[in-house]
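> Here it is, the structure in full.
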Amino acid sequence: MPELPEVEVVRRGLAAHVSGRELRSVEVLHPRAIRRHLPGSTDFSGRLAGRRVDAVSRRGKYLWVSLDEGEALLAHLGMSGQLLVQAPGTPDEKHLRIRFSFADDGPELRFVDQRTFGGCMLDDLVEVDGTPVPALIAHIARDPMDPLFSLPSAVATLRGRRTEVKRALLDQSLVSGIGNIYADEALWRAKLHWARPTDRLSAARVAEVLSAATEVMVEALGAGGTSFDALYVNVNGQSGYFDRSLAVYGQEGLPCPRCGRPVRREPFMNRSSYSCPRCQPRPRVTSGPRTAVASGPRKPA
DNA sequence: CAACCGCCCTGGGTGC
DNA sequence: TGCACCCAGGGCGGTT
């Protein structure tokens with residue numbers, strides 16, 4: 001699944017292979033790929049033709065290329081999206097959704113997406129806290145690799161929520177870029193169970209898990225960068241070579257690299273959470289609905 | 001407003 | 001061999 005490090009690899013690839021080039025035509029092969037572009041595919045293609053691609057930016061898992069007139073082409077890879085740079089004439093990928101052709105007859109940019117959770121759209125740039133971002137993602141918080149990311153402020157935001165720590169880590173409006181894989185890895189590094197209530201964690205503990213998330217994503221970015229290929233802006237929608245370095249994610253039954261206990265898998269939000277039963281014990285108190293507080297008034301029987 | 005739930009979607013894998 | 005089913009899951013709209 002593309003999370004922040006994978007999307008950053010893609011961003012770098014786009015900056016290297018697409019920046020500065022002029023689009024000639026855009027072909028939408030699957031309408032779902034532009035479902036968030038409400039005016040539809042004719043409008044999408046029509047407005048992109050002839051435009052010059054400028055800088056490539058990223059916030060969390062969102063990626064965009066700036067165009068002129070304060071507009072941007074915004075993309076999200078979803079679960080299986082890829083942006084590939086391919087020579088024209090290369091046979092279409094099975095799940096090719098959008099083809100971007102350039103006026104210089106050079107390599108095409110292709111949006112390929114098996115599960116169609118990802119997509120592209122045109123959007124206006126707006127200024128949020130001094131940074132221009134596409135209007136549609138104005139609610140997405142800065143990610144830990146953003147130079148203006150503030151750890152103390154993110155800690156305060158997370159602790160202000162009454163929820164489980166993993167839910168908070170995955171909430172892109174609190175801190176962005178973290179998905180299921182890096183959330184599990186960060187929680188393992190910080191020795192926290194995913195169900196720990198954020199509002200009962202010390203600021204130091206929350207800072208620790210956020211720093212762990214940053215660390216593990218920086219390491220993954222290093223590993224993902226090594227799998228970079230001139231033609232492929234990104235690889236496979238997976239974590240590059242970093243999957244070899246995962247401590248718990250997807251490692252059910254394998255020994256915890258720290259203590260050797262078998263990694264457990266628990267259901268979490270209709271998906272899975274991986275953790276070490278010894279290093280990350282279940283919390284005594286969960287962040288469930290605030291039922292009768294121990295000291296509160298008691299209903300008569 | 002915060003928290004949470006259900007849905008979107010496809011194909012690879014598995015069990016019968 | 002084939003079919004039914006499960007699973008992966010980020011983001012968002014709707015509801016409480």
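Labeling convention for the structure tokens: chains A, B, ... as they appear, residues from 1 per chain, ligands from 1 in order of appearance.
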Pick out the chain A residues within 10 Å of chain B. Count only C-alpha atoms (C1' of nucleotides). Give them as a list in words.

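Listing them in order of chain and number gives Arg32, Asp113, Gln114, Arg115, Thr116, Phe117, Arg161, Arg162, Thr163, Met269 and Pro289 of chain A.
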
> Can you list every residue of chain C that has an atom at most 9 Å from chain A, with its nearest atom pair and the distance in Å to one decimal, using only C-alpha atoms (C1' of nucleotides), ordered by chain then number, as a tab-separated table?


```
residue	atom	partner	partner_atom	distance
C:DC7	C1'	A:Arg271	CA	8.5
C:DA8	C1'	A:Arg271	CA	7.9
C:DG9	C1'	A:Met79	CA	6.6
C:DG10	C1'	A:Gly78	CA	6.0
C:DG11	C1'	A:Gly78	CA	8.6
```

> So that I have them on file, write out the residues from the current selection with all heavy atoms, as an mmCIF file, in the first residue's frame.


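In the end it all went to out_11.cif:
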```cif
data_model
loop_
_atom_site.group_PDB
_atom_site.id
_atom_site.type_symbol
_atom_site.label_atom_id
_atom_site.label_comp_id
_atom_site.auth_asym_id
_atom_site.auth_seq_id
_atom_site.Cartn_x
_atom_site.Cartn_y
_atom_site.Cartn_z
ATOM 1 P P DC C 7 -11.795 -12.614 6.288
ATOM 2 O OP1 DC C 7 -11.279 -13.307 7.468
ATOM 3 O OP2 DC C 7 -12.981 -11.727 6.370
ATOM 4 O "O5'" DC C 7 -10.614 -11.757 5.639
ATOM 5 C "C5'" DC C 7 -9.447 -12.419 5.177
ATOM 6 C "C4'" DC C 7 -8.722 -11.510 4.225
ATOM 7 O "O4'" DC C 7 -9.412 -11.487 2.967
ATOM 8 C "C3'" DC C 7 -8.669 -10.060 4.702
ATOM 9 O "O3'" DC C 7 -7.351 -9.739 5.084
ATOM 10 C "C2'" DC C 7 -9.122 -9.226 3.492
ATOM 11 C "C1'" DC C 7 -9.202 -10.230 2.360
ATOM 12 N N1 DC C 7 -10.336 -9.999 1.434
ATOM 13 C C2 DC C 7 -10.084 -9.839 0.074
ATOM 14 O O2 DC C 7 -8.920 -9.892 -0.331
ATOM 15 N N3 DC C 7 -11.117 -9.650 -0.781
ATOM 16 C C4 DC C 7 -12.363 -9.605 -0.306
ATOM 17 N N4 DC C 7 -13.354 -9.416 -1.178
ATOM 18 C C5 DC C 7 -12.644 -9.762 1.088
ATOM 19 C C6 DC C 7 -11.601 -9.951 1.915
ATOM 20 P P DA C 8 -7.072 -8.487 6.011
ATOM 21 O OP1 DA C 8 -6.068 -8.883 7.014
ATOM 22 O OP2 DA C 8 -8.364 -7.906 6.423
ATOM 23 O "O5'" DA C 8 -6.390 -7.465 4.999
ATOM 24 C "C5'" DA C 8 -5.271 -7.878 4.231
ATOM 25 C "C4'" DA C 8 -5.100 -6.930 3.080
ATOM 26 O "O4'" DA C 8 -6.081 -7.244 2.093
ATOM 27 C "C3'" DA C 8 -5.368 -5.475 3.456
ATOM 28 O "O3'" DA C 8 -4.143 -4.861 3.819
ATOM 29 C "C2'" DA C 8 -5.914 -4.877 2.170
ATOM 30 C "C1'" DA C 8 -6.440 -6.069 1.384
ATOM 31 N N9 DA C 8 -7.888 -6.089 1.241
ATOM 32 C C8 DA C 8 -8.831 -5.995 2.234
ATOM 33 N N7 DA C 8 -10.061 -6.063 1.794
ATOM 34 C C5 DA C 8 -9.918 -6.188 0.421
ATOM 35 C C6 DA C 8 -10.848 -6.295 -0.635
ATOM 36 N N6 DA C 8 -12.168 -6.294 -0.444
ATOM 37 N N1 DA C 8 -10.372 -6.402 -1.893
ATOM 38 C C2 DA C 8 -9.046 -6.402 -2.084
ATOM 39 N N3 DA C 8 -8.075 -6.307 -1.174
ATOM 40 C C4 DA C 8 -8.587 -6.204 0.071
ATOM 41 P P DG C 9 -4.110 -3.905 5.052
ATOM 42 O OP1 DG C 9 -2.699 -3.469 5.147
ATOM 43 O OP2 DG C 9 -4.803 -4.513 6.183
ATOM 44 O "O5'" DG C 9 -4.996 -2.669 4.566
ATOM 45 C "C5'" DG C 9 -4.505 -1.812 3.545
ATOM 46 C "C4'" DG C 9 -5.584 -0.835 3.166
ATOM 47 O "O4'" DG C 9 -6.688 -1.528 2.564
ATOM 48 C "C3'" DG C 9 -6.177 -0.052 4.358
ATOM 49 O "O3'" DG C 9 -6.109 1.336 4.106
ATOM 50 C "C2'" DG C 9 -7.624 -0.500 4.405
ATOM 51 C "C1'" DG C 9 -7.857 -0.853 2.948
ATOM 52 N N9 DG C 9 -9.046 -1.670 2.737
ATOM 53 C C8 DG C 9 -9.773 -2.337 3.682
ATOM 54 N N7 DG C 9 -10.816 -2.940 3.204
ATOM 55 C C5 DG C 9 -10.777 -2.668 1.847
ATOM 56 C C6 DG C 9 -11.650 -3.061 0.792
ATOM 57 O O6 DG C 9 -12.658 -3.744 0.870
ATOM 58 N N1 DG C 9 -11.233 -2.577 -0.430
ATOM 59 C C2 DG C 9 -10.132 -1.805 -0.633
ATOM 60 N N2 DG C 9 -9.897 -1.430 -1.884
ATOM 61 N N3 DG C 9 -9.299 -1.428 0.332
ATOM 62 C C4 DG C 9 -9.694 -1.897 1.551
ATOM 63 P P DG C 10 -4.912 2.157 4.761
ATOM 64 O OP1 DG C 10 -3.648 1.580 4.326
ATOM 65 O OP2 DG C 10 -5.189 2.338 6.187
ATOM 66 O "O5'" DG C 10 -5.108 3.565 4.051
ATOM 67 C "C5'" DG C 10 -4.688 3.750 2.709
ATOM 68 C "C4'" DG C 10 -5.426 4.923 2.110
ATOM 69 O "O4'" DG C 10 -6.743 4.499 1.680
ATOM 70 C "C3'" DG C 10 -5.672 6.085 3.033
ATOM 71 O "O3'" DG C 10 -5.574 7.267 2.247
ATOM 72 C "C2'" DG C 10 -7.068 5.856 3.587
ATOM 73 C "C1'" DG C 10 -7.753 5.132 2.443
ATOM 74 N N9 DG C 10 -8.671 4.057 2.841
ATOM 75 C C8 DG C 10 -8.549 3.194 3.908
ATOM 76 N N7 DG C 10 -9.502 2.310 3.970
ATOM 77 C C5 DG C 10 -10.310 2.592 2.871
ATOM 78 C C6 DG C 10 -11.490 1.966 2.413
ATOM 79 O O6 DG C 10 -12.072 1.006 2.900
ATOM 80 N N1 DG C 10 -11.981 2.578 1.260
ATOM 81 C C2 DG C 10 -11.401 3.639 0.628
ATOM 82 N N2 DG C 10 -12.007 4.083 -0.473
ATOM 83 N N3 DG C 10 -10.291 4.237 1.041
ATOM 84 C C4 DG C 10 -9.804 3.671 2.162
ATOM 85 P P DG C 11 -5.883 8.671 2.837
ATOM 86 O OP1 DG C 11 -5.107 9.618 2.018
ATOM 87 O OP2 DG C 11 -5.714 8.631 4.295
ATOM 88 O "O5'" DG C 11 -7.412 8.884 2.494
ATOM 89 C "C5'" DG C 11 -7.794 8.954 1.132
ATOM 90 C "C4'" DG C 11 -9.278 9.195 1.028
ATOM 91 O "O4'" DG C 11 -10.000 8.018 1.447
ATOM 92 C "C3'" DG C 11 -9.802 10.345 1.897
ATOM 93 O "O3'" DG C 11 -10.722 11.035 1.109
ATOM 94 C "C2'" DG C 11 -10.486 9.619 3.052
ATOM 95 C "C1'" DG C 11 -11.027 8.398 2.348
ATOM 96 N N9 DG C 11 -11.303 7.248 3.198
ATOM 97 C C8 DG C 11 -10.577 6.809 4.277
ATOM 98 N N7 DG C 11 -11.073 5.735 4.824
ATOM 99 C C5 DG C 11 -12.187 5.443 4.065
ATOM 100 C C6 DG C 11 -13.128 4.395 4.171
ATOM 101 O O6 DG C 11 -13.158 3.481 4.991
ATOM 102 N N1 DG C 11 -14.107 4.462 3.193
ATOM 103 C C2 DG C 11 -14.177 5.435 2.223
ATOM 104 N N2 DG C 11 -15.186 5.363 1.359
ATOM 105 N N3 DG C 11 -13.302 6.427 2.107
ATOM 106 C C4 DG C 11 -12.338 6.373 3.054
#
```

> Determine the nearest neighbour of A:Ile140 from the options A:Val26, A:Leu63, A:Cys120, A:Ala156, counting only C-alpha atoms.

A:Leu63

> Which parts of stretch 31-252 of chain A does DSSP call strand (DSSP E) when run on the backbone here, written out as a VMD selection string?

chain A and resid 56 to 59 62 to 66 71 to 76 81 to 86 96 to 102 108 to 113 119 to 128 131 to 134

> Go ahead and save the residues from that selection, with N, CA and C atoms, as a compact mmCIF listing (two decimals), in the first residue's frame.


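selection_20.txt, freshly written:
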```txt
# COMPACT_ATOMS: atom_id res chain seq x y z
N VAL A 56 6.31 19.53 -8.53
CA VAL A 56 5.55 18.39 -8.02
C VAL A 56 5.62 18.42 -6.51
N SER A 57 4.46 18.40 -5.87
CA SER A 57 4.40 18.51 -4.42
C SER A 57 3.67 17.33 -3.82
N ARG A 58 3.78 17.21 -2.50
CA ARG A 58 3.13 16.12 -1.80
C ARG A 58 2.75 16.57 -0.41
N ARG A 59 1.60 16.12 0.04
CA ARG A 59 1.26 16.27 1.46
C ARG A 59 0.64 14.96 1.89
N TYR A 62 -1.17 12.43 -0.56
CA TYR A 62 -1.62 13.14 -1.76
C TYR A 62 -0.43 13.74 -2.49
N LEU A 63 -0.59 13.82 -3.81
CA LEU A 63 0.48 14.25 -4.69
C LEU A 63 -0.14 15.21 -5.70
N TRP A 64 0.55 16.29 -6.04
CA TRP A 64 0.01 17.14 -7.10
C TRP A 64 1.09 17.80 -7.90
N VAL A 65 0.78 18.09 -9.16
CA VAL A 65 1.67 18.85 -10.02
C VAL A 65 1.02 20.19 -10.27
N SER A 66 1.79 21.24 -10.07
CA SER A 66 1.27 22.57 -10.28
C SER A 66 1.21 22.87 -11.76
N GLU A 71 -3.73 26.44 -10.67
CA GLU A 71 -4.38 25.14 -10.67
C GLU A 71 -3.36 24.02 -10.47
N ALA A 72 -3.88 22.85 -10.11
CA ALA A 72 -3.01 21.70 -9.93
C ALA A 72 -3.73 20.43 -10.35
N LEU A 73 -2.95 19.48 -10.82
CA LEU A 73 -3.45 18.13 -11.08
C LEU A 73 -3.14 17.32 -9.83
N LEU A 74 -4.20 16.92 -9.13
CA LEU A 74 -4.07 16.26 -7.84
C LEU A 74 -4.31 14.76 -8.00
N ALA A 75 -3.51 13.96 -7.30
CA ALA A 75 -3.66 12.51 -7.41
C ALA A 75 -3.56 11.84 -6.05
N HIS A 76 -4.31 10.76 -5.90
CA HIS A 76 -4.17 9.89 -4.73
C HIS A 76 -4.06 8.47 -5.27
N GLY A 81 -2.72 2.21 -6.66
CA GLY A 81 -2.41 3.12 -7.77
C GLY A 81 -0.92 3.22 -8.05
N GLN A 82 -0.58 3.35 -9.32
CA GLN A 82 0.81 3.56 -9.73
C GLN A 82 0.84 4.67 -10.75
N LEU A 83 1.90 5.45 -10.75
CA LEU A 83 2.14 6.40 -11.83
C LEU A 83 3.41 5.94 -12.52
N LEU A 84 3.27 5.53 -13.76
CA LEU A 84 4.38 4.96 -14.49
C LEU A 84 4.78 5.89 -15.62
N VAL A 85 6.08 5.97 -15.87
CA VAL A 85 6.60 6.70 -17.03
C VAL A 85 6.97 5.65 -18.06
N GLN A 86 6.27 5.67 -19.19
CA GLN A 86 6.43 4.62 -20.19
C GLN A 86 6.64 5.23 -21.57
N LEU A 96 -4.66 0.04 -16.84
CA LEU A 96 -4.40 1.44 -17.22
C LEU A 96 -5.69 2.23 -17.15
N ARG A 97 -5.67 3.32 -16.38
CA ARG A 97 -6.88 4.14 -16.20
C ARG A 97 -6.80 5.48 -16.90
N ILE A 98 -5.61 6.11 -16.89
CA ILE A 98 -5.45 7.42 -17.53
C ILE A 98 -4.08 7.46 -18.22
N ARG A 99 -4.07 7.99 -19.44
CA ARG A 99 -2.81 8.17 -20.16
C ARG A 99 -2.58 9.66 -20.37
N PHE A 100 -1.43 10.14 -19.93
CA PHE A 100 -1.04 11.54 -20.14
C PHE A 100 0.06 11.54 -21.20
N SER A 101 -0.23 12.15 -22.35
CA SER A 101 0.79 12.24 -23.42
C SER A 101 1.34 13.64 -23.48
N PHE A 102 2.59 13.74 -23.87
CA PHE A 102 3.27 15.04 -23.85
C PHE A 102 3.59 15.54 -25.27
N GLU A 108 5.28 8.76 -21.86
CA GLU A 108 3.95 9.07 -21.33
C GLU A 108 3.95 8.88 -19.82
N LEU A 109 3.00 9.53 -19.21
CA LEU A 109 2.72 9.26 -17.80
C LEU A 109 1.44 8.45 -17.76
N ARG A 110 1.45 7.32 -17.04
CA ARG A 110 0.28 6.45 -17.01
C ARG A 110 -0.18 6.23 -15.57
N PHE A 111 -1.46 6.41 -15.38
CA PHE A 111 -2.05 6.10 -14.08
C PHE A 111 -2.68 4.71 -14.18
N VAL A 112 -2.12 3.78 -13.43
CA VAL A 112 -2.54 2.39 -13.46
C VAL A 112 -3.05 2.05 -12.06
N ASP A 113 -4.21 1.42 -11.98
CA ASP A 113 -4.79 1.18 -10.66
C ASP A 113 -5.74 0.00 -10.70
N GLY A 119 -7.23 7.99 -7.68
CA GLY A 119 -7.80 8.81 -8.72
C GLY A 119 -7.08 10.13 -8.90
N CYS A 120 -7.45 10.82 -9.98
CA CYS A 120 -6.88 12.12 -10.30
C CYS A 120 -7.98 13.15 -10.45
N MET A 121 -7.64 14.40 -10.23
CA MET A 121 -8.62 15.49 -10.39
C MET A 121 -7.88 16.81 -10.57
N LEU A 122 -8.57 17.76 -11.17
CA LEU A 122 -8.05 19.12 -11.29
C LEU A 122 -8.62 19.94 -10.15
N ASP A 123 -7.78 20.81 -9.59
CA ASP A 123 -8.24 21.57 -8.43
C ASP A 123 -7.51 22.91 -8.36
N ASP A 124 -8.12 23.86 -7.66
CA ASP A 124 -7.49 25.16 -7.46
C ASP A 124 -6.59 25.10 -6.23
N LEU A 125 -5.45 25.77 -6.32
CA LEU A 125 -4.59 25.88 -5.15
C LEU A 125 -5.10 26.99 -4.24
N VAL A 126 -5.11 26.71 -2.95
CA VAL A 126 -5.48 27.73 -1.97
C VAL A 126 -4.37 27.77 -0.92
N GLU A 127 -4.28 28.87 -0.22
CA GLU A 127 -3.23 28.98 0.78
C GLU A 127 -3.75 28.54 2.15
N VAL A 128 -3.07 27.59 2.78
CA VAL A 128 -3.43 27.13 4.11
C VAL A 128 -2.20 27.26 4.99
N THR A 131 0.94 27.90 3.11
CA THR A 131 1.40 26.95 2.11
C THR A 131 0.29 26.71 1.09
N PRO A 132 0.61 26.83 -0.21
CA PRO A 132 -0.42 26.54 -1.21
C PRO A 132 -0.68 25.04 -1.32
N VAL A 133 -1.95 24.66 -1.20
CA VAL A 133 -2.34 23.26 -1.35
C VAL A 133 -3.65 23.21 -2.14
N PRO A 134 -3.93 22.10 -2.82
CA PRO A 134 -5.21 21.99 -3.51
C PRO A 134 -6.37 22.11 -2.51
```

> Using Å and a single decimal, report how far atom CA of A:Ala15 sits from atom CA of A:Glu215.

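Computed distance, atom CA of A:Glu215 to atom CA of A:Ala15, equals 24.0 Å.
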
> Between atom CA of A:Pro88 and atom CA of A:Leu23, what is the distance, to one decimal in Å?

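That distance, rounded to one decimal, is 13.6 Å.
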
> As a CSV table (one decimal) with N, CA and C atoms, in the first residue's frame, please: the residues near A:Pro152 (cut-off 9 Å, only C-alpha atoms (C1' of nucleotides), same-chain neighbours under 3 positions excluded).


```
chain,number,residue,atom,x,y,z
A,155,VAL,N,1.5,16.5,18.8
A,155,VAL,CA,1.2,15.8,20.0
A,155,VAL,C,0.0,16.3,20.7
A,156,ALA,N,-0.1,17.7,20.8
A,156,ALA,CA,-1.3,18.3,21.5
A,156,ALA,C,-2.6,17.9,20.7
A,157,THR,N,-2.5,17.9,19.4
A,157,THR,CA,-3.7,17.6,18.6
A,157,THR,C,-4.2,16.2,18.9
A,203,ALA,N,2.4,13.3,27.1
A,203,ALA,CA,2.9,14.0,25.9
A,203,ALA,C,4.2,13.3,25.4
A,207,ALA,N,4.8,11.8,21.7
A,207,ALA,CA,5.9,12.3,20.9
A,207,ALA,C,6.8,11.1,20.4
```

> For atom CA of A:His193 and atom CA of A:Ser245, quote the distance in Å rounded to one decimal.

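Separation of atom CA of A:His193 and atom CA of A:Ser245: 20.1 Å.
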